[in-house]
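Pasting input.cif here (mmCIF, C-alpha atoms and all ligand atoms):
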```cif
data_upload
loop_
_atom_site.label_atom_id
_atom_site.label_comp_id
_atom_site.auth_asym_id
_atom_site.auth_seq_id
_atom_site.Cartn_x
_atom_site.Cartn_y
_atom_site.Cartn_z
CA MET A 260 -45.71 -15.90 97.45
CA ALA A 261 -45.47 -12.24 96.64
CA ALA A 262 -42.49 -11.04 94.62
CA PHE A 263 -42.71 -7.51 96.03
CA PRO A 264 -43.89 -8.20 99.61
CA GLU A 265 -42.87 -4.81 100.98
CA ILE A 266 -44.75 -2.85 98.37
CA SER A 267 -48.47 -2.24 98.47
CA LYS A 268 -50.66 -0.64 95.84
CA ILE A 269 -49.17 2.68 94.69
CA LYS A 270 -51.65 5.44 95.46
CA TYR A 271 -52.15 9.01 94.36
CA GLU A 272 -51.17 11.30 97.25
CA GLY A 273 -50.96 14.66 95.46
CA PRO A 274 -48.10 17.05 94.61
CA ASP A 275 -47.05 17.63 98.22
CA SER A 276 -46.44 13.99 99.06
CA LYS A 277 -42.89 13.03 99.95
CA ASN A 278 -43.65 9.32 99.78
CA PRO A 279 -41.37 7.92 97.04
CA LEU A 280 -43.83 5.06 96.46
CA ALA A 281 -46.82 7.27 95.70
CA PHE A 282 -48.04 9.24 92.69
CA ARG A 283 -47.92 12.99 92.94
CA HIS A 284 -49.57 13.76 89.59
CA TYR A 285 -51.03 10.54 88.17
CA ASN A 286 -54.52 10.34 89.58
CA GLU A 287 -56.11 7.68 87.42
CA SER A 288 -59.72 8.77 87.94
CA GLU A 289 -59.11 12.52 87.43
CA LEU A 290 -60.77 13.91 84.32
CA VAL A 291 -58.68 15.68 81.69
CA GLU A 292 -60.43 16.87 78.51
CA GLY A 293 -63.45 14.75 79.39
CA LYS A 294 -61.65 11.44 79.99
CA THR A 295 -59.97 9.91 83.01
CA MET A 296 -56.19 10.05 83.12
CA LYS A 297 -56.22 6.28 82.93
CA ASP A 298 -58.09 6.37 79.62
CA GLN A 299 -56.10 9.28 78.23
CA LEU A 300 -52.66 7.87 78.96
CA ARG A 301 -53.21 4.11 78.56
CA PHE A 302 -49.94 3.25 80.33
CA SER A 303 -48.20 0.04 79.39
CA VAL A 304 -45.29 -1.92 80.86
CA ALA A 305 -42.73 -3.37 78.41
CA TYR A 306 -42.29 -7.02 79.33
CA TRP A 307 -38.87 -7.26 77.68
CA HIS A 308 -37.22 -4.55 79.75
CA THR A 309 -39.10 -4.85 83.00
CA MET A 310 -39.37 -8.64 83.25
CA ARG A 311 -36.41 -9.77 81.13
CA GLY A 312 -33.85 -6.99 81.44
CA THR A 313 -30.71 -8.25 83.16
CA GLY A 314 -28.61 -5.10 83.08
CA ALA A 315 -26.00 -6.73 80.83
CA ASP A 316 -24.04 -4.33 78.63
CA PRO A 317 -21.17 -4.88 76.15
CA PHE A 318 -18.70 -4.56 79.02
CA GLY A 319 -20.19 -6.82 81.63
CA PRO A 320 -22.93 -9.28 82.58
CA GLY A 321 -26.27 -8.61 84.21
CA THR A 322 -26.53 -7.03 87.65
CA MET A 323 -30.27 -7.17 88.37
CA ILE A 324 -31.43 -8.80 91.59
CA ARG A 325 -34.56 -10.69 90.64
CA PRO A 326 -35.25 -13.33 93.32
CA TRP A 327 -38.04 -14.94 91.26
CA GLU A 328 -35.66 -15.82 88.37
CA GLY A 329 -34.05 -18.73 90.23
CA ALA A 330 -35.31 -21.49 87.91
CA GLY A 331 -33.82 -19.91 84.76
CA ASP A 332 -35.26 -20.06 81.28
CA SER A 333 -37.78 -22.91 81.73
CA VAL A 334 -41.45 -22.83 80.77
CA GLU A 335 -42.28 -23.31 84.44
CA ASN A 336 -40.32 -20.22 85.36
CA ALA A 337 -41.92 -18.34 82.48
CA VAL A 338 -45.35 -19.10 83.93
CA ASN A 339 -44.21 -18.02 87.38
CA ARG A 340 -42.78 -14.82 85.89
CA VAL A 341 -46.22 -14.01 84.50
CA ARG A 342 -47.57 -13.91 88.07
CA VAL A 343 -44.72 -11.62 89.09
CA ALA A 344 -45.44 -9.33 86.14
CA PHE A 345 -49.11 -9.06 87.03
CA GLU A 346 -48.36 -8.46 90.71
CA PHE A 347 -46.05 -5.63 89.59
CA MET A 348 -48.63 -4.12 87.23
CA GLU A 349 -51.47 -4.46 89.72
CA LYS A 350 -49.46 -2.65 92.39
CA LEU A 351 -48.42 0.02 89.91
CA GLY A 352 -51.87 0.42 88.38
CA THR A 353 -50.89 0.22 84.71
CA PRO A 354 -53.80 -1.00 82.58
CA PHE A 355 -51.65 -2.48 79.75
CA PHE A 356 -48.48 -4.34 78.88
CA CYS A 357 -46.63 -5.21 75.64
CA PHE A 358 -44.48 -8.21 74.74
CA HIS A 359 -42.46 -10.03 72.10
CA ASP A 360 -43.30 -13.72 71.82
CA ARG A 361 -39.86 -14.72 73.09
CA ASP A 362 -40.04 -12.40 76.13
CA VAL A 363 -42.85 -14.39 77.65
CA ALA A 364 -41.94 -17.96 76.66
CA PRO A 365 -38.60 -19.62 75.92
CA GLU A 366 -37.75 -20.66 72.39
CA GLY A 367 -37.83 -24.45 71.98
CA ALA A 368 -35.70 -26.78 69.87
CA SER A 369 -38.18 -26.48 66.97
CA LEU A 370 -40.90 -24.14 65.80
CA ALA A 371 -43.51 -26.61 67.06
CA GLU A 372 -41.95 -26.70 70.51
CA SER A 373 -41.65 -22.91 70.65
CA ASN A 374 -45.33 -22.60 69.76
CA LYS A 375 -46.22 -25.11 72.46
CA ASN A 376 -44.20 -23.19 75.05
CA LEU A 377 -45.92 -19.99 74.01
CA ASP A 378 -49.37 -21.59 74.29
CA THR A 379 -48.64 -22.74 77.84
CA VAL A 380 -47.51 -19.29 78.96
CA VAL A 381 -50.27 -17.46 77.08
CA LYS A 382 -52.80 -19.55 79.00
CA ALA A 383 -51.31 -18.22 82.25
CA ILE A 384 -51.30 -14.66 80.88
CA LYS A 385 -54.94 -15.00 79.87
CA ALA A 386 -55.89 -16.15 83.37
CA GLU A 387 -54.01 -13.25 85.01
CA SER A 388 -55.40 -10.78 82.49
CA ASP A 389 -58.95 -11.97 83.20
CA ARG A 390 -58.35 -11.81 86.96
CA THR A 391 -56.90 -8.27 86.95
CA GLY A 392 -58.39 -6.59 83.88
CA ILE A 393 -54.84 -5.68 82.73
CA LYS A 394 -54.72 -6.08 78.96
CA LEU A 395 -52.27 -6.49 76.13
CA LEU A 396 -51.70 -3.13 74.39
CA TRP A 397 -49.79 -4.71 71.53
CA GLY A 398 -47.96 -7.88 70.76
CA THR A 399 -44.96 -8.43 68.54
CA ALA A 400 -42.49 -11.12 67.51
CA ASN A 401 -38.79 -11.17 68.27
CA LEU A 402 -37.30 -11.53 64.78
CA PHE A 403 -33.78 -10.44 65.71
CA SER A 404 -32.23 -12.37 68.63
CA ASN A 405 -31.93 -15.88 67.21
CA PRO A 406 -28.85 -16.35 64.95
CA ARG A 407 -31.16 -17.49 62.11
CA TYR A 408 -32.01 -13.79 61.77
CA VAL A 409 -28.40 -12.68 61.47
CA HIS A 410 -29.16 -11.04 58.09
CA GLY A 411 -32.64 -9.86 59.10
CA ALA A 412 -35.99 -11.62 58.90
CA ALA A 413 -38.35 -10.31 56.22
CA THR A 414 -35.36 -8.65 54.51
CA SER A 415 -32.93 -11.55 54.89
CA CYS A 416 -30.95 -12.82 51.90
CA ASN A 417 -31.99 -16.29 53.11
CA ALA A 418 -35.55 -17.17 52.05
CA ASP A 419 -35.86 -19.71 54.88
CA ALA A 420 -35.36 -16.95 57.45
CA PHE A 421 -38.28 -15.10 55.82
CA ALA A 422 -40.40 -18.25 56.01
CA PHE A 423 -39.56 -18.88 59.68
CA ALA A 424 -40.33 -15.25 60.50
CA ALA A 425 -43.68 -15.55 58.72
CA ALA A 426 -44.56 -18.59 60.81
CA GLN A 427 -43.52 -16.75 63.96
CA VAL A 428 -45.63 -13.68 63.17
CA LYS A 429 -48.58 -15.90 62.28
CA LYS A 430 -48.43 -17.39 65.76
CA ALA A 431 -47.78 -14.00 67.41
CA LEU A 432 -50.91 -12.63 65.72
CA GLU A 433 -52.94 -15.57 66.97
CA VAL A 434 -51.87 -15.09 70.58
CA THR A 435 -52.28 -11.31 70.36
CA LYS A 436 -55.83 -11.91 69.22
CA GLU A 437 -56.43 -14.50 71.91
CA LEU A 438 -55.35 -12.02 74.58
CA GLY A 439 -57.59 -9.30 73.15
CA GLY A 440 -54.56 -7.18 72.18
CA SER A 441 -55.36 -3.71 70.77
CA GLY A 442 -52.48 -3.76 68.32
CA TYR A 443 -49.50 -5.41 66.73
CA VAL A 444 -46.07 -3.80 66.19
CA PHE A 445 -43.49 -4.24 63.46
CA TRP A 446 -40.18 -2.91 64.60
CA GLY A 447 -37.33 -3.56 62.20
CA GLY A 448 -35.06 -5.67 64.35
CA ARG A 449 -32.29 -6.47 61.89
CA GLU A 450 -34.23 -5.24 58.84
CA GLY A 451 -31.51 -3.02 57.40
CA TYR A 452 -27.92 -3.39 56.24
CA GLN A 453 -24.30 -3.09 57.36
CA THR A 454 -22.88 -2.47 53.89
CA LEU A 455 -24.59 -1.67 50.60
CA TRP A 456 -21.90 -3.65 48.73
CA ASN A 457 -23.57 -6.93 49.69
CA THR A 458 -27.16 -5.65 49.70
CA ASP A 459 -29.96 -5.65 47.12
CA MET A 460 -31.98 -2.91 48.77
CA LYS A 461 -34.87 -2.98 46.32
CA ARG A 462 -35.33 -6.70 46.67
CA GLU A 463 -35.15 -6.54 50.47
CA LEU A 464 -37.75 -3.75 50.69
CA ASP A 465 -40.07 -5.57 48.28
CA HIS A 466 -39.85 -8.58 50.57
CA LEU A 467 -40.63 -6.47 53.63
CA ALA A 468 -43.73 -5.13 51.91
CA ARG A 469 -44.81 -8.65 50.95
CA PHE A 470 -44.30 -9.74 54.54
CA MET A 471 -46.45 -6.95 55.95
CA HIS A 472 -49.20 -7.66 53.43
CA MET A 473 -49.16 -11.30 54.50
CA ALA A 474 -49.60 -10.17 58.12
CA VAL A 475 -52.50 -7.90 57.19
CA GLU A 476 -54.12 -10.69 55.16
CA TYR A 477 -53.72 -13.22 57.97
CA ALA A 478 -55.12 -10.79 60.55
CA LYS A 479 -58.19 -10.44 58.36
CA GLU A 480 -58.48 -14.19 58.00
CA ILE A 481 -58.49 -14.82 61.76
CA GLY A 482 -60.56 -11.74 62.61
CA PHE A 483 -57.84 -9.82 64.41
CA THR A 484 -59.04 -6.22 64.26
CA GLY A 485 -56.27 -4.54 66.27
CA GLN A 486 -54.20 -1.71 64.84
CA PHE A 487 -50.90 -2.49 63.09
CA TYR A 488 -47.97 -0.20 63.84
CA PHE A 489 -44.57 0.34 62.22
CA GLU A 490 -41.91 1.60 64.66
CA PRO A 491 -39.24 3.89 63.18
CA LYS A 492 -35.60 3.57 64.27
CA PRO A 493 -32.63 4.80 62.21
CA LYS A 494 -29.84 2.50 63.40
CA GLU A 495 -29.04 -0.25 65.91
CA PRO A 496 -28.53 -3.08 65.49
CA THR A 497 -27.75 -2.43 61.80
CA LYS A 498 -26.04 0.75 60.75
CA HIS A 499 -28.98 1.65 58.55
CA GLN A 500 -32.45 0.44 59.53
CA TYR A 501 -35.09 0.53 56.78
CA ASP A 502 -37.68 1.97 59.20
CA PHE A 503 -35.37 4.98 59.65
CA ASP A 504 -37.86 7.67 60.72
CA ALA A 505 -41.51 8.65 60.37
CA ALA A 506 -40.97 10.05 56.87
CA ALA A 507 -39.23 6.91 55.61
CA CYS A 508 -41.87 4.64 57.19
CA ILE A 509 -44.80 6.61 55.78
CA ASN A 510 -43.23 6.62 52.35
CA PHE A 511 -42.68 2.86 52.54
CA LEU A 512 -46.27 2.24 53.63
CA ARG A 513 -47.72 4.46 50.89
CA ALA A 514 -45.42 3.14 48.18
CA ASN A 515 -46.55 -0.39 48.98
CA GLY A 516 -50.28 0.11 49.50
CA LEU A 517 -50.12 -0.45 53.26
CA GLU A 518 -51.22 3.01 54.37
CA LYS A 519 -54.76 1.95 55.25
CA HIS A 520 -53.57 -0.80 57.57
CA VAL A 521 -50.52 0.47 59.42
CA LYS A 522 -49.87 3.50 61.64
CA LEU A 523 -46.71 4.46 63.48
CA ASN A 524 -45.45 3.67 66.95
CA ILE A 525 -43.09 6.56 67.67
CA GLU A 526 -40.28 6.05 70.19
CA THR A 527 -38.64 9.08 71.76
CA ASN A 528 -35.09 7.79 71.79
CA HIS A 529 -35.37 6.57 68.18
CA ALA A 530 -36.52 10.04 67.09
CA THR A 531 -33.40 11.64 68.56
CA LEU A 532 -31.15 8.95 67.07
CA ALA A 533 -32.60 9.93 63.69
CA GLY A 534 -31.63 13.55 64.30
CA HIS A 535 -35.20 14.65 65.07
CA THR A 536 -37.10 15.51 68.20
CA VAL A 537 -39.98 13.32 69.29
CA GLU A 538 -42.41 16.21 68.73
CA HIS A 539 -41.19 16.52 65.14
CA GLU A 540 -41.88 12.82 64.54
CA LEU A 541 -45.31 13.00 66.20
CA GLU A 542 -46.35 16.07 64.26
CA TYR A 543 -45.07 14.67 60.98
CA ALA A 544 -47.00 11.44 61.51
CA GLY A 545 -50.05 13.14 63.01
CA MET A 546 -50.63 15.66 60.22
CA GLN A 547 -50.85 12.75 57.75
CA GLY A 548 -53.06 10.52 59.85
CA PHE A 549 -50.35 8.04 60.86
CA LEU A 550 -50.11 8.77 64.58
CA GLY A 551 -50.66 5.53 66.45
CA SER A 552 -48.89 4.90 69.71
CA VAL A 553 -45.80 5.97 71.62
CA ASP A 554 -42.86 4.05 73.06
CA ALA A 555 -42.05 6.33 75.95
CA ASN A 556 -38.44 6.66 76.99
CA THR A 557 -35.61 9.10 76.58
CA GLY A 558 -32.01 9.10 75.42
CA ASP A 559 -29.04 10.90 76.89
CA LEU A 560 -27.51 13.95 75.22
CA LEU A 561 -24.02 12.65 75.85
CA LEU A 562 -24.63 9.11 74.60
CA GLY A 563 -25.36 8.37 70.97
CA TRP A 564 -27.28 5.13 71.36
CA ASP A 565 -30.66 3.80 72.34
CA THR A 566 -30.25 4.08 76.12
CA ASP A 567 -34.00 3.63 76.72
CA GLN A 568 -34.12 5.63 79.95
CA PHE A 569 -37.35 6.39 81.76
CA PRO A 570 -38.78 9.81 80.83
CA THR A 571 -38.51 12.53 83.48
CA ASP A 572 -38.58 15.65 81.29
CA VAL A 573 -41.87 17.52 81.67
CA TYR A 574 -41.29 19.67 78.58
CA MET A 575 -40.99 16.52 76.52
CA THR A 576 -44.10 14.83 77.91
CA THR A 577 -46.06 18.07 77.50
CA LYS A 578 -45.10 18.18 73.82
CA ILE A 579 -45.99 14.52 73.36
CA MET A 580 -49.39 14.95 74.95
CA LEU A 581 -50.06 18.15 73.01
CA ALA A 582 -49.54 16.19 69.80
CA PHE A 583 -51.81 13.33 70.87
CA LEU A 584 -54.59 15.61 72.13
CA LYS A 585 -54.38 17.57 68.87
CA TYR A 586 -54.80 14.42 66.78
CA GLY A 587 -57.58 12.79 68.77
CA GLY A 588 -55.91 10.99 71.66
CA LEU A 589 -53.86 7.85 72.07
CA ALA A 590 -56.44 5.05 71.80
CA PRO A 591 -56.16 2.34 70.59
CA GLY A 592 -52.46 3.03 71.22
CA GLY A 593 -50.96 3.99 74.54
CA VAL A 594 -47.92 5.20 76.43
CA ASN A 595 -45.71 2.12 76.49
CA PHE A 596 -42.65 2.45 78.69
CA ASP A 597 -40.08 0.96 76.34
CA ALA A 598 -37.53 1.87 79.00
CA LYS A 599 -35.16 0.12 81.34
CA VAL A 600 -33.68 0.87 84.73
CA ARG A 601 -29.95 1.60 84.69
CA ARG A 602 -27.52 -1.24 85.24
CA GLU A 603 -26.62 0.38 88.55
CA SER A 604 -30.30 0.41 89.69
CA PHE A 605 -30.44 -3.30 90.33
CA GLU A 606 -32.96 -3.73 93.17
CA PRO A 607 -36.59 -4.72 92.44
CA VAL A 608 -37.90 -1.51 94.05
CA ASP A 609 -36.10 0.50 91.33
CA LEU A 610 -38.64 -0.87 88.85
CA PHE A 611 -41.31 0.95 90.84
CA HIS A 612 -39.36 4.20 91.15
CA ALA A 613 -38.73 4.18 87.40
CA HIS A 614 -42.35 3.62 86.39
CA ILE A 615 -43.79 5.96 89.03
CA GLY A 616 -41.51 8.73 87.74
CA GLY A 617 -42.45 8.06 84.14
CA MET A 618 -46.18 7.96 84.91
CA ASP A 619 -46.07 11.14 86.99
CA THR A 620 -44.08 12.93 84.29
CA PHE A 621 -46.63 11.94 81.65
CA ALA A 622 -49.55 12.85 83.93
CA MET A 623 -48.04 16.28 84.41
CA GLY A 624 -47.47 16.57 80.67
CA LEU A 625 -51.10 15.66 80.03
CA LYS A 626 -52.40 18.24 82.51
CA LEU A 627 -50.12 20.96 81.10
CA ALA A 628 -51.03 20.13 77.51
CA ALA A 629 -54.73 20.35 78.40
CA LYS A 630 -54.14 23.70 80.13
CA ILE A 631 -52.27 25.09 77.13
CA ARG A 632 -55.10 23.96 74.86
CA ALA A 633 -57.88 25.28 77.10
CA ASP A 634 -56.25 28.66 77.41
CA GLY A 635 -55.66 28.87 73.67
CA GLU A 636 -53.04 31.62 73.79
CA LEU A 637 -50.30 29.64 72.07
CA ALA A 638 -52.68 28.55 69.33
CA ARG A 639 -53.81 32.16 68.86
CA MET A 640 -50.21 33.32 68.60
CA VAL A 641 -49.49 30.71 65.92
CA GLN A 642 -52.65 31.64 64.05
CA GLN A 643 -51.70 35.30 64.21
CA ARG A 644 -48.34 34.48 62.64
CA TYR A 645 -50.15 33.14 59.56
CA ALA A 646 -52.76 35.90 59.41
CA SER A 647 -51.70 36.88 55.87
CA TRP A 648 -53.23 33.58 54.70
CA ASP A 649 -56.64 34.20 56.24
CA SER A 650 -57.87 36.79 53.77
CA GLY A 651 -56.86 38.61 50.58
CA ILE A 652 -54.14 37.10 48.42
CA GLY A 653 -53.25 34.36 50.94
CA ALA A 654 -56.80 33.04 51.14
CA GLU A 655 -57.08 33.18 47.34
CA ILE A 656 -53.88 31.14 46.91
CA GLU A 657 -55.12 28.54 49.39
CA GLN A 658 -58.40 28.35 47.49
CA GLY A 659 -56.50 27.55 44.30
CA LYS A 660 -57.44 30.77 42.55
CA HIS A 661 -53.90 31.71 41.50
CA ASN A 662 -51.00 30.63 39.33
CA PHE A 663 -47.50 31.99 38.63
CA LYS A 664 -48.81 34.46 36.05
CA SER A 665 -51.49 35.96 38.27
CA LEU A 666 -49.07 36.20 41.18
CA GLU A 667 -46.58 37.99 38.98
CA GLN A 668 -49.33 40.47 38.09
CA TYR A 669 -50.17 40.89 41.77
CA MET A 670 -46.55 41.58 42.73
CA LEU A 671 -45.87 43.88 39.75
CA ALA A 672 -48.78 45.99 40.93
CA LYS A 673 -47.88 45.82 44.62
CA GLY A 674 -44.15 46.35 44.25
CA ASP A 675 -42.84 44.41 47.24
CA VAL A 676 -43.72 42.13 50.14
CA ALA A 677 -45.61 43.61 53.08
CA PRO A 678 -43.25 44.05 56.05
CA ASN A 679 -42.51 40.83 57.91
CA THR A 680 -43.29 40.50 61.59
CA SER A 681 -41.00 39.01 64.23
CA GLY A 682 -41.02 35.25 64.85
CA ARG A 683 -41.05 35.97 68.59
CA GLN A 684 -39.47 32.64 69.50
CA GLU A 685 -38.45 33.93 72.92
CA LEU A 686 -41.96 35.11 73.66
CA PHE A 687 -43.37 31.72 72.62
CA GLU A 688 -40.91 30.03 74.96
CA ASN A 689 -41.81 32.38 77.79
CA VAL A 690 -45.51 31.68 77.33
CA VAL A 691 -44.87 27.92 77.51
CA ASN A 692 -42.88 28.44 80.72
CA ARG A 693 -45.79 30.33 82.19
CA TYR A 694 -47.88 27.17 82.08
CA ILE A 695 -45.10 24.92 83.31
CA PHE A 696 -43.97 27.04 86.26
C1 LIG A 701 -35.96 -1.48 69.97
C2 LIG A 701 -37.40 -1.30 69.88
C3 LIG A 701 -38.20 -2.51 70.32
C4 LIG A 701 -39.63 -2.40 69.85
C5 LIG A 701 -40.38 -3.68 69.92
O1 LIG A 701 -35.18 -0.55 69.92
O2 LIG A 701 -37.77 -0.18 70.60
O3 LIG A 701 -38.12 -2.67 71.69
O4 LIG A 701 -40.33 -1.44 70.56
O5 LIG A 701 -39.83 -4.65 69.11
NI NI A 702 -39.73 0.47 71.02
NI NI A 703 -35.76 1.41 71.34
#
```
What would the structure in this file look like if it were written as structure tokens?
Ligand code: XLS
Ligand code: NI
Ligand code: NI
Amino acid sequence: MAAFPEISKIKYEGPDSKNPLAFRHYNESELVEGKTMKDQLRFSVAYWHTMRGTGADPFGPGTMIRPWEGAGDSVENAVNRVRVAFEFMEKLGTPFFCFHDRDVAPEGASLAESNKNLDTVVKAIKAESDRTGIKLLWGTANLFSNPRYVHGAATSCNADAFAFAAAQVKKALEVTKELGGSGYVFWGGREGYQTLWNTDMKRELDHLARFMHMAVEYAKEIGFTGQFYFEPKPKEPTKHQYDFDAAACINFLRANGLEKHVKLNIETNHATLAGHTVEHELEYAGMQGFLGSVDANTGDLLLGWDTDQFPTDVYMTTKIMLAFLKYGGLAPGGVNFDAKVRRESFEPVDLFHAHIGGMDTFAMGLKLAAKIRADGELARMVQQRYASWDSGIGAEIEQGKHNFKSLEQYMLAKGDVAPNTSGRQELFENVVNRYIF
């Protein structure tokens, strides 16, 4: 029985279409910079929000109408939910999905039972994945919901919590491999602190590094060759998360010898919570070779938390795609919609509207980014701004031919700095608008 009987496959109908259940910009077979949009964007559905989101908030219970959830949190219902998820993704045309272990299968009374539940559901996922060709982009483990992780998992003060988390990630890596997943994500969960008074930060971070090394070692042992990612987030649920932002994550990875194994999964809303823009985080990671994947969503200017809304801002998606095209594309990562429909958008069809909007906004961003790159004017304007470094003293400094003494000599002879030129911010902004409108 179909879960979305009134909805057929979402098709590309072009920019003039008024059909709310059609794409106006995402045309999966259209070529952009030599690759199809499908291969450039690598869209992924987040199982936790789309299949498990109830709409509950701190002020009230869930509101979502999900007719297929009747049987509750049983393994049987989990298997049935897999069919619903694949029907949704087939109709939408997303080639990937992402999950936490506990999103897809219920936790049992013991580790052994939880693993058994997961095996049963993973078998169903494998069958649906083989039938449809829809693949796992990345897997991860939920190391934050169960009360055993109240103080964190890898950074818990309780060594048993660390051990349980290790066992859970071991299993999550096995199923990610079994499903042919392209990656595995570490997001902090409760890895952080509420007060430094009760916290041995050094010890906790050493443990986190040990934990990640164990994951890397185990992946090698079982032949899992997917990409590991670390996902920055500054706060929530703890007041200070250790994976604060791209800079903190990269420093942690380098300081602990993990830089060859782990890249970053940058989430838009987390970037803004950290006081950055997503393009800042992408550029910072990209210039150092750490750009991996993106958790696509957006926050709200008036709300200071991780609202995980679907992206609809074309400027933002253009900037995201400019960064990815600049640093060689998204693969093996992708555009994972770590986003949820609003509590007030409780009908199943809203899941389609949300994803269609996000996919169209990213498709437009991709096309605009490619246009900006093909035209080259923005790049030329930036290059022009740094022209003093292309020859003469600038080129000599870059080549390492100078020191403080020689530069003092140069300036004593020259007298003063050559006149500065305008930053032309407004012109830059106007040029960007020319592509967008
Ligand atoms: C939470 C994170 C989480 C990760 C996966 O804020 O975004 O959903 O992406 O654990
Ligand atoms: Ni995320
Ligand atoms: Ni988030």
| said: Residues near segment 452-462 of chain A, anyone? I mean within 9 Å using all atoms listed in the file, not counting same-chain ones fewer than 5 positions away, as a PyMOL selection string. | reply: chain A and resi 410-411+414+416+467+497-501
| message | Around ligand NI 702 (chain A), out to 7 Å and counting only C-alpha atoms and all ligand atoms, which residues are there? I want them as a VMD selection string. | response | chain A and resid 490 526 554 597
Could you save the residues just selected, with C-alpha atoms, as a PDB file, keeping the file's coordinate frame?
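The resulting file, selection-v7.pdb, is shown below:
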```pdb
ATOM      1  CA  GLU A 490     -41.910   1.600  64.660  1.00  0.00           C
ATOM      2  CA  GLU A 526     -40.280   6.050  70.190  1.00  0.00           C
ATOM      3  CA  ASP A 554     -42.860   4.050  73.060  1.00  0.00           C
ATOM      4  CA  ASP A 597     -40.080   0.960  76.340  1.00  0.00           C
TER       5      ASP A 597
END
```
| Taking all atoms listed in the file into account, which of A:Lys297, A:Arg361, A:Lys385, A:Lys522 comes nearest ligand LIG 701 (chain A)? |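 Among the listed residues, the smallest separation from ligand LIG 701 (chain A) belongs to A:Arg361.
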| task | Find the distance between atom CA of Thr571 of chain A and atom CA of Thr620 of chain A and write it in Å to one decimal. | result |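 Between these atoms lies a distance of 5.6 Å.
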| So what do you get for atom CA of His466 of chain A versus atom CA of Ser415 of chain A, distance-wise? |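 So the two atoms, atom CA of His466 of chain A and atom CA of Ser415 of chain A, lie 8.7 Å apart.
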| task | Extract, using only C-alpha atoms, all DNA, RNA and protein residues at most 6 Å from Asn556 of chain A, discarding same-chain residues fewer than 3 positions from it, and format them as a list of chain:residue names. | result | A:Thr527, A:Asp567, A:Gln568, A:Phe569, A:Pro570, A:Asp597, A:Ala598
| message | To check your reading of the model: which residues sit at most 12 Å from ligand NI 703 (chain A) when counting all atoms listed in the file? Write the answer as an MDAnalysis selection string. | response | chainID A and resid 305 307:308 446:448 490:496 524:533 553:558 564:569 595:599
| request: Report the distance between atom CA of Gly331 of chain A and atom CA of Ala262 of chain A in Å, rounded to one decimal place. | output: 15.8 Å
| field | From A:Phe423, A:Phe445, A:Tyr669, A:Phe318, residue lying nearest ligand LIG 701 (chain A) [all atoms listed in the file] | value |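 Residue with the minimum atom-to-atom distance to ligand LIG 701 (chain A): A:Phe445.
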Using 7 Å as the limit and counting only C-alpha atoms, can you tabulate each residue of segment 469-560 of chain A that touches segment 573-588 of chain A, with its shortest atom-to-atom distance in Å and the two atoms involved, as a Markdown table?
```
| residue | atom | partner | partner_atom | distance |
| --- | --- | --- | --- | --- |
| A:Glu538 | CA | A:Lys578 | CA | 6.1 |
| A:Leu541 | CA | A:Ala582 | CA | 6.4 |
| A:Glu542 | CA | A:Ala582 | CA | 6.4 |
| A:Gly545 | CA | A:Tyr586 | CA | 6.2 |
```
| query | Smallest atom-to-atom distance to ligand LIG 701 (chain A): which of A:Ile481, A:Ala646, A:Leu561, A:Leu402, using all atoms listed in the file? | reply | A:Leu402
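Distance check against Lys429 of chain A using all atoms listed in the file: of A:Ser369, A:Thr399, A:Asn336, A:Ser267, the minimum falls on A:Thr399.
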| query | What lies within 12 Å of Ala638 of chain A using all atoms listed in the file, ignoring chain neighbours under 4 positions off, as a list of chain:residue names? | reply |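 The residues satisfying every condition are A:Leu581, A:Lys585, A:Ala628, A:Lys630, A:Ile631, A:Arg632, A:Ala633, A:Asp634, A:Gln642, A:Gln643, A:Arg644, A:Tyr645, A:Phe687, A:Val690, A:Val691.
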| remark: ligand LIG 701 (chain A) proximity check over A:Asp502, A:Glu540, A:Glu366, A:Glu480, using only C-alpha atoms and all ligand atoms: winner is A:Asp502
| note | Counting all atoms listed in the file, closest pick from A:Gly616, A:Gly516, A:Gly329, A:Gly312 relative to ligand LIG 701 (chain A) is A:Gly312
Find the smallest box with edges along x, y and z containing every listed atom of ligand LIG 701 (chain A), then add 4 Å on each side and report centre and edge lengths in Å to one decimal, as lines of an AutoDock Vina configuration file.
```
center_x = -37.8
center_y = -2.4
center_z = 70.4
size_x = 13.2
size_y = 12.5
size_z = 10.6
```
| Can you tell me, as a PyMOL selection string, what residues are no more than 9 Å from segment 345-357 of chain A when counting all atoms listed in the file, ignoring any on the same chain fewer than 5 positions away? | chain A and resi 261-263+266-270+287+297+301-307+340+384+387-388+391-399+440+593+595-596+610-611+614-615
| So which residues touch Glu603 of chain A within 9 Å, counting only C-alpha atoms, skipping near sequence neighbours fewer than 6 positions away, as a list in words? |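 Answer for this query is Gly314, Thr322 and Met323 of chain A.
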Writing out the chosen residues with C-alpha atoms as a PDB file, in the frame of the given file:
```pdb
ATOM      1  CA  GLY A 314     -28.610  -5.100  83.080  1.00  0.00           C
ATOM      2  CA  THR A 322     -26.530  -7.030  87.650  1.00  0.00           C
ATOM      3  CA  MET A 323     -30.270  -7.170  88.370  1.00  0.00           C
TER       4      MET A 323
END
```
